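Chemist: File entry-v2.txt below, compact mmCIF, N, CA and C atoms:
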```
# COMPACT_ATOMS: atom_id res chain seq x y z
N GLN Y 1 -21.69 -9.47 -2.15
CA GLN Y 1 -20.47 -9.28 -2.91
C GLN Y 1 -19.97 -7.85 -2.70
N LEU Y 2 -18.64 -7.71 -2.61
CA LEU Y 2 -18.06 -6.39 -2.41
C LEU Y 2 -18.43 -5.49 -3.57
N GLN Y 3 -18.76 -4.25 -3.26
CA GLN Y 3 -19.09 -3.29 -4.30
C GLN Y 3 -18.39 -1.97 -4.08
N LEU Y 4 -18.01 -1.35 -5.19
CA LEU Y 4 -17.45 -0.01 -5.19
C LEU Y 4 -18.25 0.80 -6.19
N VAL Y 5 -18.72 1.96 -5.77
CA VAL Y 5 -19.52 2.81 -6.65
C VAL Y 5 -18.92 4.20 -6.67
N GLU Y 6 -18.45 4.60 -7.87
CA GLU Y 6 -17.86 5.92 -8.04
C GLU Y 6 -18.94 6.94 -8.39
N SER Y 7 -18.69 8.17 -8.02
CA SER Y 7 -19.55 9.29 -8.39
C SER Y 7 -18.72 10.57 -8.36
N GLY Y 8 -19.29 11.62 -8.91
CA GLY Y 8 -18.64 12.91 -8.84
C GLY Y 8 -17.99 13.38 -10.13
N GLY Y 9 -18.00 12.53 -11.15
CA GLY Y 9 -17.42 12.95 -12.42
C GLY Y 9 -18.28 13.99 -13.11
N GLY Y 10 -17.75 14.54 -14.19
CA GLY Y 10 -18.51 15.53 -14.95
C GLY Y 10 -17.63 16.31 -15.88
N LEU Y 11 -18.19 17.40 -16.38
CA LEU Y 11 -17.48 18.30 -17.29
C LEU Y 11 -17.00 19.52 -16.49
N VAL Y 12 -15.73 19.85 -16.64
CA VAL Y 12 -15.17 20.98 -15.92
C VAL Y 12 -14.19 21.70 -16.83
N GLN Y 13 -14.04 22.98 -16.64
CA GLN Y 13 -13.10 23.77 -17.44
C GLN Y 13 -11.68 23.56 -16.92
N PRO Y 14 -10.70 23.76 -17.79
CA PRO Y 14 -9.30 23.69 -17.32
C PRO Y 14 -9.08 24.62 -16.14
N GLY Y 15 -8.35 24.12 -15.16
CA GLY Y 15 -8.13 24.88 -13.94
C GLY Y 15 -9.16 24.65 -12.87
N GLY Y 16 -10.24 23.97 -13.21
CA GLY Y 16 -11.30 23.71 -12.27
C GLY Y 16 -11.02 22.52 -11.37
N SER Y 17 -12.00 22.19 -10.52
CA SER Y 17 -11.85 21.11 -9.54
C SER Y 17 -13.05 20.18 -9.58
N LEU Y 18 -12.79 18.94 -9.20
CA LEU Y 18 -13.84 17.96 -8.99
C LEU Y 18 -13.42 17.09 -7.82
N ARG Y 19 -14.41 16.53 -7.12
CA ARG Y 19 -14.12 15.55 -6.10
C ARG Y 19 -14.85 14.25 -6.43
N LEU Y 20 -14.09 13.22 -6.66
CA LEU Y 20 -14.66 11.90 -6.92
C LEU Y 20 -14.85 11.15 -5.61
N SER Y 21 -15.93 10.41 -5.53
CA SER Y 21 -16.21 9.59 -4.36
C SER Y 21 -16.27 8.12 -4.77
N CYS Y 22 -15.84 7.27 -3.88
CA CYS Y 22 -15.89 5.83 -4.09
C CYS Y 22 -16.52 5.23 -2.84
N ALA Y 23 -17.79 4.90 -2.93
CA ALA Y 23 -18.51 4.34 -1.79
C ALA Y 23 -18.41 2.82 -1.80
N ALA Y 24 -17.97 2.28 -0.68
CA ALA Y 24 -17.78 0.83 -0.57
C ALA Y 24 -18.94 0.20 0.19
N SER Y 25 -19.32 -0.99 -0.23
CA SER Y 25 -20.34 -1.74 0.51
C SER Y 25 -19.86 -3.17 0.70
N LYS Y 26 -20.26 -3.73 1.83
CA LYS Y 26 -19.94 -5.10 2.21
C LYS Y 26 -18.46 -5.30 2.51
N PHE Y 27 -17.72 -4.22 2.69
CA PHE Y 27 -16.38 -4.32 3.24
C PHE Y 27 -16.01 -2.95 3.78
N THR Y 28 -14.99 -2.93 4.62
CA THR Y 28 -14.57 -1.70 5.27
C THR Y 28 -13.30 -1.19 4.63
N VAL Y 29 -13.33 0.03 4.13
CA VAL Y 29 -12.19 0.56 3.37
C VAL Y 29 -10.94 0.67 4.23
N ASP Y 30 -11.13 0.74 5.56
CA ASP Y 30 -9.97 0.87 6.44
C ASP Y 30 -9.04 -0.33 6.33
N TYR Y 31 -9.54 -1.47 5.90
CA TYR Y 31 -8.74 -2.70 5.88
C TYR Y 31 -8.32 -3.12 4.48
N TYR Y 32 -8.67 -2.33 3.47
CA TYR Y 32 -8.35 -2.67 2.09
C TYR Y 32 -7.56 -1.54 1.45
N PRO Y 33 -6.37 -1.84 0.93
CA PRO Y 33 -5.71 -0.82 0.11
C PRO Y 33 -6.63 -0.41 -1.04
N THR Y 34 -6.76 0.87 -1.27
CA THR Y 34 -7.68 1.37 -2.28
C THR Y 34 -6.96 2.33 -3.20
N GLY Y 35 -7.31 2.26 -4.47
CA GLY Y 35 -6.65 3.12 -5.43
C GLY Y 35 -7.60 3.70 -6.45
N TRP Y 36 -7.14 4.73 -7.14
CA TRP Y 36 -7.83 5.34 -8.26
C TRP Y 36 -7.00 5.14 -9.51
N PHE Y 37 -7.68 4.74 -10.57
CA PHE Y 37 -7.07 4.57 -11.88
C PHE Y 37 -7.86 5.40 -12.88
N ARG Y 38 -7.28 5.61 -14.06
CA ARG Y 38 -8.01 6.28 -15.12
C ARG Y 38 -7.63 5.68 -16.47
N GLN Y 39 -8.56 5.81 -17.39
CA GLN Y 39 -8.32 5.30 -18.73
C GLN Y 39 -8.90 6.26 -19.74
N ALA Y 40 -8.00 6.83 -20.55
CA ALA Y 40 -8.41 7.73 -21.62
C ALA Y 40 -8.64 6.91 -22.89
N PRO Y 41 -9.44 7.43 -23.83
CA PRO Y 41 -9.70 6.70 -25.07
C PRO Y 41 -8.41 6.33 -25.79
N GLY Y 42 -8.29 5.07 -26.15
CA GLY Y 42 -7.13 4.60 -26.90
C GLY Y 42 -5.88 4.39 -26.06
N LYS Y 43 -6.00 4.56 -24.75
CA LYS Y 43 -4.83 4.41 -23.87
C LYS Y 43 -5.07 3.31 -22.86
N GLU Y 44 -3.98 2.84 -22.27
CA GLU Y 44 -4.08 1.83 -21.23
C GLU Y 44 -4.53 2.46 -19.90
N ARG Y 45 -5.13 1.64 -19.07
CA ARG Y 45 -5.51 2.11 -17.75
C ARG Y 45 -4.25 2.38 -16.93
N GLU Y 46 -4.23 3.50 -16.25
CA GLU Y 46 -3.05 3.88 -15.49
C GLU Y 46 -3.42 4.22 -14.05
N GLY Y 47 -2.48 3.96 -13.14
CA GLY Y 47 -2.69 4.29 -11.75
C GLY Y 47 -2.53 5.78 -11.50
N VAL Y 48 -3.41 6.32 -10.72
CA VAL Y 48 -3.40 7.75 -10.39
C VAL Y 48 -2.94 7.95 -8.94
N SER Y 49 -3.55 7.21 -8.04
CA SER Y 49 -3.25 7.38 -6.62
C SER Y 49 -3.74 6.16 -5.86
N CYS Y 50 -3.15 5.93 -4.68
CA CYS Y 50 -3.64 4.86 -3.83
C CYS Y 50 -3.34 5.20 -2.37
N ILE Y 51 -4.06 4.53 -1.48
CA ILE Y 51 -3.91 4.77 -0.05
C ILE Y 51 -3.80 3.44 0.67
N SER Y 52 -2.84 3.37 1.57
CA SER Y 52 -2.58 2.12 2.30
C SER Y 52 -3.59 1.92 3.42
N TYR Y 53 -3.93 0.67 3.68
CA TYR Y 53 -4.81 0.38 4.80
C TYR Y 53 -4.05 0.43 6.12
N ARG Y 54 -2.75 0.22 6.08
CA ARG Y 54 -1.97 0.11 7.33
C ARG Y 54 -1.88 1.44 8.04
N ASP Y 55 -1.32 2.43 7.34
CA ASP Y 55 -1.03 3.70 8.01
C ASP Y 55 -1.57 4.90 7.25
N GLY Y 56 -2.35 4.63 6.21
CA GLY Y 56 -2.90 5.73 5.43
C GLY Y 56 -1.90 6.41 4.53
N SER Y 57 -0.74 5.81 4.35
CA SER Y 57 0.24 6.42 3.45
C SER Y 57 -0.31 6.42 2.03
N THR Y 58 0.15 7.38 1.26
CA THR Y 58 -0.42 7.59 -0.07
C THR Y 58 0.65 7.56 -1.16
N TYR Y 59 0.17 7.37 -2.36
CA TYR Y 59 1.04 7.40 -3.55
C TYR Y 59 0.31 8.20 -4.62
N TYR Y 60 1.08 8.98 -5.40
CA TYR Y 60 0.52 9.72 -6.52
C TYR Y 60 1.40 9.54 -7.74
N ALA Y 61 0.78 9.40 -8.87
CA ALA Y 61 1.52 9.42 -10.13
C ALA Y 61 2.12 10.81 -10.32
N ASP Y 62 3.25 10.87 -10.98
CA ASP Y 62 3.92 12.16 -11.19
C ASP Y 62 3.02 13.16 -11.90
N SER Y 63 2.18 12.68 -12.78
CA SER Y 63 1.34 13.57 -13.58
C SER Y 63 0.28 14.30 -12.75
N VAL Y 64 -0.02 13.80 -11.55
CA VAL Y 64 -1.07 14.42 -10.73
C VAL Y 64 -0.54 14.93 -9.39
N LYS Y 65 0.72 14.70 -9.12
CA LYS Y 65 1.30 15.09 -7.83
C LYS Y 65 1.16 16.59 -7.63
N GLY Y 66 0.69 16.98 -6.45
CA GLY Y 66 0.51 18.39 -6.15
C GLY Y 66 -0.84 18.93 -6.56
N ARG Y 67 -1.60 18.17 -7.35
CA ARG Y 67 -2.93 18.61 -7.80
C ARG Y 67 -4.04 17.73 -7.26
N PHE Y 68 -3.78 16.44 -7.09
CA PHE Y 68 -4.80 15.50 -6.63
C PHE Y 68 -4.49 15.08 -5.19
N THR Y 69 -5.55 14.80 -4.43
CA THR Y 69 -5.39 14.32 -3.07
C THR Y 69 -6.37 13.18 -2.81
N ILE Y 70 -5.84 12.06 -2.34
CA ILE Y 70 -6.68 10.91 -1.99
C ILE Y 70 -6.91 10.95 -0.48
N SER Y 71 -8.12 10.59 -0.07
CA SER Y 71 -8.43 10.55 1.36
C SER Y 71 -9.48 9.49 1.62
N ARG Y 72 -9.69 9.23 2.90
CA ARG Y 72 -10.59 8.14 3.30
C ARG Y 72 -11.43 8.62 4.46
N ASP Y 73 -12.73 8.38 4.41
CA ASP Y 73 -13.64 8.70 5.51
C ASP Y 73 -14.19 7.39 6.04
N SER Y 74 -13.68 6.98 7.19
CA SER Y 74 -14.07 5.69 7.75
C SER Y 74 -15.56 5.65 8.10
N ALA Y 75 -16.07 6.75 8.63
CA ALA Y 75 -17.48 6.78 9.05
C ALA Y 75 -18.42 6.58 7.86
N LYS Y 76 -18.02 7.12 6.70
CA LYS Y 76 -18.85 6.99 5.50
C LYS Y 76 -18.41 5.82 4.63
N ASN Y 77 -17.34 5.15 5.04
CA ASN Y 77 -16.82 4.02 4.27
C ASN Y 77 -16.60 4.41 2.81
N THR Y 78 -15.97 5.54 2.63
CA THR Y 78 -15.81 6.14 1.30
C THR Y 78 -14.38 6.64 1.12
N VAL Y 79 -13.87 6.47 -0.08
CA VAL Y 79 -12.57 7.01 -0.46
C VAL Y 79 -12.81 8.12 -1.48
N TYR Y 80 -12.06 9.20 -1.34
CA TYR Y 80 -12.24 10.36 -2.21
C TYR Y 80 -10.98 10.62 -3.02
N LEU Y 81 -11.19 11.30 -4.14
CA LEU Y 81 -10.08 11.83 -4.92
C LEU Y 81 -10.42 13.28 -5.23
N GLN Y 82 -9.76 14.19 -4.54
CA GLN Y 82 -9.92 15.62 -4.80
C GLN Y 82 -8.99 16.00 -5.93
N MET Y 83 -9.54 16.55 -6.98
CA MET Y 83 -8.75 16.90 -8.16
C MET Y 83 -8.83 18.40 -8.39
N ASN Y 84 -7.70 19.07 -8.29
CA ASN Y 84 -7.62 20.52 -8.47
C ASN Y 84 -6.77 20.84 -9.70
N ASN Y 85 -6.93 22.06 -10.18
CA ASN Y 85 -6.16 22.52 -11.33
C ASN Y 85 -6.19 21.50 -12.46
N LEU Y 86 -7.38 21.09 -12.80
CA LEU Y 86 -7.53 20.05 -13.81
C LEU Y 86 -7.07 20.52 -15.19
N LYS Y 87 -6.53 19.57 -15.94
CA LYS Y 87 -6.01 19.85 -17.27
C LYS Y 87 -6.73 18.98 -18.29
N PRO Y 88 -6.74 19.39 -19.55
CA PRO Y 88 -7.41 18.56 -20.56
C PRO Y 88 -6.88 17.13 -20.59
N GLU Y 89 -5.61 16.94 -20.30
CA GLU Y 89 -5.04 15.59 -20.32
C GLU Y 89 -5.50 14.73 -19.15
N ASP Y 90 -6.25 15.31 -18.22
CA ASP Y 90 -6.84 14.52 -17.14
C ASP Y 90 -8.15 13.86 -17.57
N THR Y 91 -8.62 14.20 -18.75
CA THR Y 91 -9.86 13.62 -19.26
C THR Y 91 -9.74 12.12 -19.40
N ALA Y 92 -10.65 11.40 -18.76
CA ALA Y 92 -10.61 9.94 -18.76
C ALA Y 92 -11.81 9.41 -17.97
N VAL Y 93 -12.00 8.11 -18.05
CA VAL Y 93 -12.90 7.44 -17.12
C VAL Y 93 -12.07 7.07 -15.89
N TYR Y 94 -12.55 7.45 -14.74
CA TYR Y 94 -11.84 7.20 -13.49
C TYR Y 94 -12.49 6.02 -12.76
N TYR Y 95 -11.64 5.10 -12.32
CA TYR Y 95 -12.09 3.90 -11.64
C TYR Y 95 -11.52 3.84 -10.23
N CYS Y 96 -12.33 3.37 -9.33
CA CYS Y 96 -11.90 3.07 -7.97
C CYS Y 96 -11.68 1.56 -7.88
N ALA Y 97 -10.67 1.14 -7.13
CA ALA Y 97 -10.39 -0.28 -7.00
C ALA Y 97 -9.84 -0.58 -5.61
N ALA Y 98 -10.01 -1.83 -5.18
CA ALA Y 98 -9.53 -2.24 -3.86
C ALA Y 98 -8.85 -3.60 -3.95
N ILE Y 99 -7.93 -3.81 -3.03
CA ILE Y 99 -7.18 -5.06 -2.96
C ILE Y 99 -7.63 -5.83 -1.71
N ARG Y 100 -7.54 -7.14 -1.76
CA ARG Y 100 -7.87 -8.00 -0.63
C ARG Y 100 -7.14 -7.54 0.63
N PRO Y 101 -7.73 -7.84 1.80
CA PRO Y 101 -7.11 -7.41 3.06
C PRO Y 101 -5.73 -8.01 3.26
N MET Y 102 -4.94 -7.34 4.06
CA MET Y 102 -3.61 -7.81 4.45
C MET Y 102 -2.67 -7.95 3.25
N TYR Y 103 -2.93 -7.16 2.22
CA TYR Y 103 -2.01 -7.16 1.08
C TYR Y 103 -0.62 -6.79 1.56
N GLY Y 104 0.35 -7.58 1.18
CA GLY Y 104 1.73 -7.33 1.62
C GLY Y 104 2.71 -7.25 0.48
N GLY Y 105 2.23 -6.98 -0.70
CA GLY Y 105 3.11 -6.90 -1.87
C GLY Y 105 3.74 -5.54 -2.03
N SER Y 106 4.18 -5.25 -3.24
CA SER Y 106 4.90 -4.02 -3.53
C SER Y 106 3.97 -2.81 -3.41
N TRP Y 107 4.59 -1.65 -3.21
CA TRP Y 107 3.86 -0.38 -3.08
C TRP Y 107 4.49 0.64 -4.01
N PRO Y 108 3.68 1.31 -4.85
CA PRO Y 108 2.25 1.11 -5.00
C PRO Y 108 1.93 -0.23 -5.66
N PRO Y 109 0.79 -0.78 -5.34
CA PRO Y 109 0.44 -2.06 -5.94
C PRO Y 109 0.23 -1.94 -7.45
N PRO Y 110 0.70 -2.91 -8.21
CA PRO Y 110 0.43 -2.88 -9.66
C PRO Y 110 -1.04 -3.15 -9.92
N LEU Y 111 -1.48 -2.75 -11.10
CA LEU Y 111 -2.89 -2.85 -11.46
C LEU Y 111 -3.43 -4.27 -11.27
N TYR Y 112 -2.65 -5.27 -11.66
CA TYR Y 112 -3.15 -6.64 -11.66
C TYR Y 112 -3.40 -7.18 -10.24
N GLU Y 113 -2.93 -6.47 -9.22
CA GLU Y 113 -3.15 -6.92 -7.85
C GLU Y 113 -4.54 -6.51 -7.33
N TYR Y 114 -5.19 -5.60 -7.99
CA TYR Y 114 -6.48 -5.12 -7.51
C TYR Y 114 -7.57 -6.15 -7.81
N ASP Y 115 -8.36 -6.45 -6.78
CA ASP Y 115 -9.34 -7.52 -6.89
C ASP Y 115 -10.76 -7.01 -7.18
N TYR Y 116 -11.05 -5.80 -6.78
CA TYR Y 116 -12.42 -5.29 -6.87
C TYR Y 116 -12.39 -3.94 -7.56
N TRP Y 117 -13.34 -3.75 -8.49
CA TRP Y 117 -13.37 -2.54 -9.31
C TRP Y 117 -14.77 -1.95 -9.35
N GLY Y 118 -14.81 -0.63 -9.39
CA GLY Y 118 -16.07 0.05 -9.63
C GLY Y 118 -16.35 0.15 -11.11
N GLN Y 119 -17.47 0.78 -11.45
CA GLN Y 119 -17.91 0.85 -12.84
C GLN Y 119 -17.31 2.04 -13.58
N GLY Y 120 -16.73 2.97 -12.86
CA GLY Y 120 -16.09 4.12 -13.48
C GLY Y 120 -16.99 5.34 -13.55
N THR Y 121 -16.35 6.50 -13.57
CA THR Y 121 -17.06 7.76 -13.73
C THR Y 121 -16.27 8.64 -14.69
N GLN Y 122 -16.97 9.29 -15.61
CA GLN Y 122 -16.32 10.07 -16.66
C GLN Y 122 -15.94 11.46 -16.14
N VAL Y 123 -14.70 11.83 -16.41
CA VAL Y 123 -14.22 13.18 -16.13
C VAL Y 123 -13.77 13.79 -17.45
N THR Y 124 -14.34 14.93 -17.79
CA THR Y 124 -13.98 15.62 -19.03
C THR Y 124 -13.55 17.04 -18.68
N VAL Y 125 -12.33 17.38 -19.09
CA VAL Y 125 -11.79 18.71 -18.84
C VAL Y 125 -11.68 19.42 -20.18
N SER Y 126 -12.51 20.41 -20.36
CA SER Y 126 -12.57 21.09 -21.66
C SER Y 126 -13.18 22.47 -21.49
N SER Y 127 -12.71 23.40 -22.33
CA SER Y 127 -13.30 24.74 -22.33
C SER Y 127 -14.39 24.83 -23.39
```
Step by step, read the file and then write its structure as structure tokens.

Modeler:
Amino acid sequence: QLQLVESGGGLVQPGGSLRLSCAASKFTVDYYPTGWFRQAPGKEREGVSCISYRDGSTYYADSVKGRFTISRDSAKNTVYLQMNNLKPEDTAVYYCAAIRPMYGGSWPPPLYEYDYWGQGTQVTVSS
């Protein structure tokens, strides 16, 4: 069964950085659109960023644009989310997710289109 395992979360001070990793098994990330979502306590899960399987094009939510960077390492079959200049409002559980191959729907894909989810990793930004 396809698996996604996130890591790299933790506690960081405002202005600090973290790099989240999403390791995929039993499928190749190059062929699956992959995204990062987050969910803060009492809030709905929201899309943060995603990367296309076709050409590697990316999408960022306005709240993270210019601070977060999504990337993909084919050799390691891993997708990353580099988070810089972190703010307290970035505190949330971060999830990695992937869509079935050859997805041809809207971009960025809505949450309900994602077929596979990781277990999440906690990111806390606090002084």

Chemist: Restricting the calculation to only C-alpha atoms, which member of Y:Lys87, Y:Arg54, Y:Lys43, Y:Lys76 is positioned closest to Thr124 in chain Y?

Modeler: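 With only C-alpha atoms as the atom set, the closest residue is Y:Lys87.
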
Chemist: Calculated over only N, CA and C atoms, which of the candidates Y:Ile51, Y:Val5, Y:Leu11, Y:Val125 has the smallest distance to Arg72 in chain Y?

Modeler: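 Result for the nearest residue to Arg72 in chain Y: Y:Ile51.
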
Chemist: Find, counting all atoms listed in the file, the residue in Y:Gly105, Y:Gln122, Y:Phe37, Y:Tyr112 that gets nearest to Ser7 in chain Y.

Modeler: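 Nearest candidate to Ser7 in chain Y out of Y:Gly105, Y:Gln122, Y:Phe37, Y:Tyr112: Y:Gln122.
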
Chemist: I need the residue nearest Gln39 in chain Y from this list: Y:Ile70, Y:Val123, Y:Val93, Y:Ala98. Use all atoms listed in the file for the distance.

Modeler: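 Closest to Gln39 in chain Y of all the choices is Y:Val93.
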
Chemist: Measuring between only N, CA and C atoms, which one of Y:Leu18, Y:Ala24, Y:Leu86, Y:Ala40 shows the shortest distance to Leu2 in chain Y?

Modeler: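 Looking at the shortest contact to Leu2 in chain Y, the residue is Y:Ala24.
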
Chemist: Please return as a PDB file with N, CA and C atoms, keeping the file's coordinate frame: the residues of range 3-58 of chain Y that backbone DSSP assigns to strand (DSSP E).

Modeler:
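Final file, out_3.pdb:
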```pdb
ATOM      1  N   GLN Y   3     -18.760  -4.250  -3.260  1.00  0.00           N
ATOM      2  CA  GLN Y   3     -19.090  -3.290  -4.300  1.00  0.00           C
ATOM      3  C   GLN Y   3     -18.390  -1.970  -4.080  1.00  0.00           C
ATOM      4  N   LEU Y   4     -18.010  -1.350  -5.190  1.00  0.00           N
ATOM      5  CA  LEU Y   4     -17.450  -0.010  -5.190  1.00  0.00           C
ATOM      6  C   LEU Y   4     -18.250   0.800  -6.190  1.00  0.00           C
ATOM      7  N   VAL Y   5     -18.720   1.960  -5.770  1.00  0.00           N
ATOM      8  CA  VAL Y   5     -19.520   2.810  -6.650  1.00  0.00           C
ATOM      9  C   VAL Y   5     -18.920   4.200  -6.670  1.00  0.00           C
ATOM     10  N   GLU Y   6     -18.450   4.600  -7.870  1.00  0.00           N
ATOM     11  CA  GLU Y   6     -17.860   5.920  -8.040  1.00  0.00           C
ATOM     12  C   GLU Y   6     -18.940   6.940  -8.390  1.00  0.00           C
ATOM     13  N   SER Y   7     -18.690   8.170  -8.020  1.00  0.00           N
ATOM     14  CA  SER Y   7     -19.550   9.290  -8.390  1.00  0.00           C
ATOM     15  C   SER Y   7     -18.720  10.570  -8.360  1.00  0.00           C
ATOM     16  N   GLY Y  10     -17.750  14.540 -14.190  1.00  0.00           N
ATOM     17  CA  GLY Y  10     -18.510  15.530 -14.950  1.00  0.00           C
ATOM     18  C   GLY Y  10     -17.630  16.310 -15.880  1.00  0.00           C
ATOM     19  N   LEU Y  11     -18.190  17.400 -16.380  1.00  0.00           N
ATOM     20  CA  LEU Y  11     -17.480  18.300 -17.290  1.00  0.00           C
ATOM     21  C   LEU Y  11     -17.000  19.520 -16.490  1.00  0.00           C
ATOM     22  N   VAL Y  12     -15.730  19.850 -16.640  1.00  0.00           N
ATOM     23  CA  VAL Y  12     -15.170  20.980 -15.920  1.00  0.00           C
ATOM     24  C   VAL Y  12     -14.190  21.700 -16.830  1.00  0.00           C
ATOM     25  N   LEU Y  18     -12.790  18.940  -9.200  1.00  0.00           N
ATOM     26  CA  LEU Y  18     -13.840  17.960  -8.990  1.00  0.00           C
ATOM     27  C   LEU Y  18     -13.420  17.090  -7.820  1.00  0.00           C
ATOM     28  N   ARG Y  19     -14.410  16.530  -7.120  1.00  0.00           N
ATOM     29  CA  ARG Y  19     -14.120  15.550  -6.100  1.00  0.00           C
ATOM     30  C   ARG Y  19     -14.850  14.250  -6.430  1.00  0.00           C
ATOM     31  N   LEU Y  20     -14.090  13.220  -6.660  1.00  0.00           N
ATOM     32  CA  LEU Y  20     -14.660  11.900  -6.920  1.00  0.00           C
ATOM     33  C   LEU Y  20     -14.850  11.150  -5.610  1.00  0.00           C
ATOM     34  N   SER Y  21     -15.930  10.410  -5.530  1.00  0.00           N
ATOM     35  CA  SER Y  21     -16.210   9.590  -4.360  1.00  0.00           C
ATOM     36  C   SER Y  21     -16.270   8.120  -4.770  1.00  0.00           C
ATOM     37  N   CYS Y  22     -15.840   7.270  -3.880  1.00  0.00           N
ATOM     38  CA  CYS Y  22     -15.890   5.830  -4.090  1.00  0.00           C
ATOM     39  C   CYS Y  22     -16.520   5.230  -2.840  1.00  0.00           C
ATOM     40  N   ALA Y  23     -17.790   4.900  -2.930  1.00  0.00           N
ATOM     41  CA  ALA Y  23     -18.510   4.340  -1.790  1.00  0.00           C
ATOM     42  C   ALA Y  23     -18.410   2.820  -1.800  1.00  0.00           C
ATOM     43  N   ALA Y  24     -17.970   2.280  -0.680  1.00  0.00           N
ATOM     44  CA  ALA Y  24     -17.780   0.830  -0.570  1.00  0.00           C
ATOM     45  C   ALA Y  24     -18.940   0.200   0.190  1.00  0.00           C
ATOM     46  N   SER Y  25     -19.320  -0.990  -0.230  1.00  0.00           N
ATOM     47  CA  SER Y  25     -20.340  -1.740   0.510  1.00  0.00           C
ATOM     48  C   SER Y  25     -19.860  -3.170   0.700  1.00  0.00           C
ATOM     49  N   THR Y  34      -6.760   0.870  -1.270  1.00  0.00           N
ATOM     50  CA  THR Y  34      -7.680   1.370  -2.280  1.00  0.00           C
ATOM     51  C   THR Y  34      -6.960   2.330  -3.200  1.00  0.00           C
ATOM     52  N   GLY Y  35      -7.310   2.260  -4.470  1.00  0.00           N
ATOM     53  CA  GLY Y  35      -6.650   3.120  -5.430  1.00  0.00           C
ATOM     54  C   GLY Y  35      -7.600   3.700  -6.450  1.00  0.00           C
ATOM     55  N   TRP Y  36      -7.140   4.730  -7.140  1.00  0.00           N
ATOM     56  CA  TRP Y  36      -7.830   5.340  -8.260  1.00  0.00           C
ATOM     57  C   TRP Y  36      -7.000   5.140  -9.510  1.00  0.00           C
ATOM     58  N   PHE Y  37      -7.680   4.740 -10.570  1.00  0.00           N
ATOM     59  CA  PHE Y  37      -7.070   4.570 -11.880  1.00  0.00           C
ATOM     60  C   PHE Y  37      -7.860   5.400 -12.880  1.00  0.00           C
ATOM     61  N   ARG Y  38      -7.280   5.610 -14.060  1.00  0.00           N
ATOM     62  CA  ARG Y  38      -8.010   6.280 -15.120  1.00  0.00           C
ATOM     63  C   ARG Y  38      -7.630   5.680 -16.470  1.00  0.00           C
ATOM     64  N   GLN Y  39      -8.560   5.810 -17.390  1.00  0.00           N
ATOM     65  CA  GLN Y  39      -8.320   5.300 -18.730  1.00  0.00           C
ATOM     66  C   GLN Y  39      -8.900   6.260 -19.740  1.00  0.00           C
ATOM     67  N   GLU Y  46      -4.230   3.500 -16.250  1.00  0.00           N
ATOM     68  CA  GLU Y  46      -3.050   3.880 -15.490  1.00  0.00           C
ATOM     69  C   GLU Y  46      -3.420   4.220 -14.050  1.00  0.00           C
ATOM     70  N   GLY Y  47      -2.480   3.960 -13.140  1.00  0.00           N
ATOM     71  CA  GLY Y  47      -2.690   4.290 -11.750  1.00  0.00           C
ATOM     72  C   GLY Y  47      -2.530   5.780 -11.500  1.00  0.00           C
ATOM     73  N   VAL Y  48      -3.410   6.320 -10.720  1.00  0.00           N
ATOM     74  CA  VAL Y  48      -3.400   7.750 -10.390  1.00  0.00           C
ATOM     75  C   VAL Y  48      -2.940   7.950  -8.940  1.00  0.00           C
ATOM     76  N   SER Y  49      -3.550   7.210  -8.040  1.00  0.00           N
ATOM     77  CA  SER Y  49      -3.250   7.380  -6.620  1.00  0.00           C
ATOM     78  C   SER Y  49      -3.740   6.160  -5.860  1.00  0.00           C
ATOM     79  N   CYS Y  50      -3.150   5.930  -4.680  1.00  0.00           N
ATOM     80  CA  CYS Y  50      -3.640   4.860  -3.830  1.00  0.00           C
ATOM     81  C   CYS Y  50      -3.340   5.200  -2.370  1.00  0.00           C
ATOM     82  N   ILE Y  51      -4.060   4.530  -1.480  1.00  0.00           N
ATOM     83  CA  ILE Y  51      -3.910   4.770  -0.050  1.00  0.00           C
ATOM     84  C   ILE Y  51      -3.800   3.440   0.670  1.00  0.00           C
ATOM     85  N   THR Y  58       0.150   7.380   1.260  1.00  0.00           N
ATOM     86  CA  THR Y  58      -0.420   7.590  -0.070  1.00  0.00           C
ATOM     87  C   THR Y  58       0.650   7.560  -1.160  1.00  0.00           C
TER      88      THR Y  58
END
```

Chemist: Mind listing whatever residues come within 10 Å of the point (-0.3, -7.4, 3.4)? Use only C-alpha atoms, file coordinates, and give them as a PyMOL selection string.

Modeler: chain Y and resi 31-33+52-54+99-106

Chemist: Which value, in Å to one decimal, gives the distance between atom C of Pro14 in chain Y and atom N of Cys50 in chain Y?

Modeler: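 So the two atoms, atom C of Pro14 in chain Y and atom N of Cys50 in chain Y, lie 22.7 Å apart.
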
Chemist: Which is closest to Pro110 in chain Y among Y:Gly47, Y:Arg19, Y:Glu89, Y:Asp62, if we use only N, CA and C atoms?

Modeler: Y:Gly47

Chemist: Rounded to one decimal, what separation in Å do you get between CA of Tyr80 in chain Y and atom C of Lys26 in chain Y?

Modeler: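 Value for the CA of Tyr80 in chain Y-atom C of Lys26 in chain Y distance: 17.5 Å.
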
Chemist: Among the residues of chain Y, find those DSSP assigns to helix (DSSP H, G or I) from the backbone and print them as a list in words.

Modeler: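 Selecting the helix (DSSP H, G or I) positions of chain Y gives Val29, Asp30, Tyr31, Pro88, Glu89, Asp90, Leu111, Tyr112 and Glu113 of chain Y.
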
Chemist: Separation of CA of Tyr59 in chain Y and CA of Gln13 in chain Y, in Å?

Modeler: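 Separation between CA of Tyr59 in chain Y and CA of Gln13 in chain Y: 25.7 Å.
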
Chemist: Cys22 in chain Y: which residues within 6.5 Å, counting all atoms listed in the file, same-chain residues fewer than 3 positions away excluded, as an MDAnalysis selection string?

Modeler: chainID Y and resid 4:7 77:81 96

Chemist: I want to know what sits within 7 Å of Val48 in chain Y, based on all atoms listed in the file, with residues of the same chain fewer than 3 positions away left out; could you give that as a PyMOL selection string?

Modeler: chain Y and resi 35-38+59-61+64

Chemist: If we count only N, CA and C atoms and set the cut-off at 5 Å, which residues sit around Asn84 in chain Y, ignoring sequence neighbours fewer than 6 positions away in its own chain? Please answer as number ranges by chain.

Modeler: Y: 16-17, 67-68
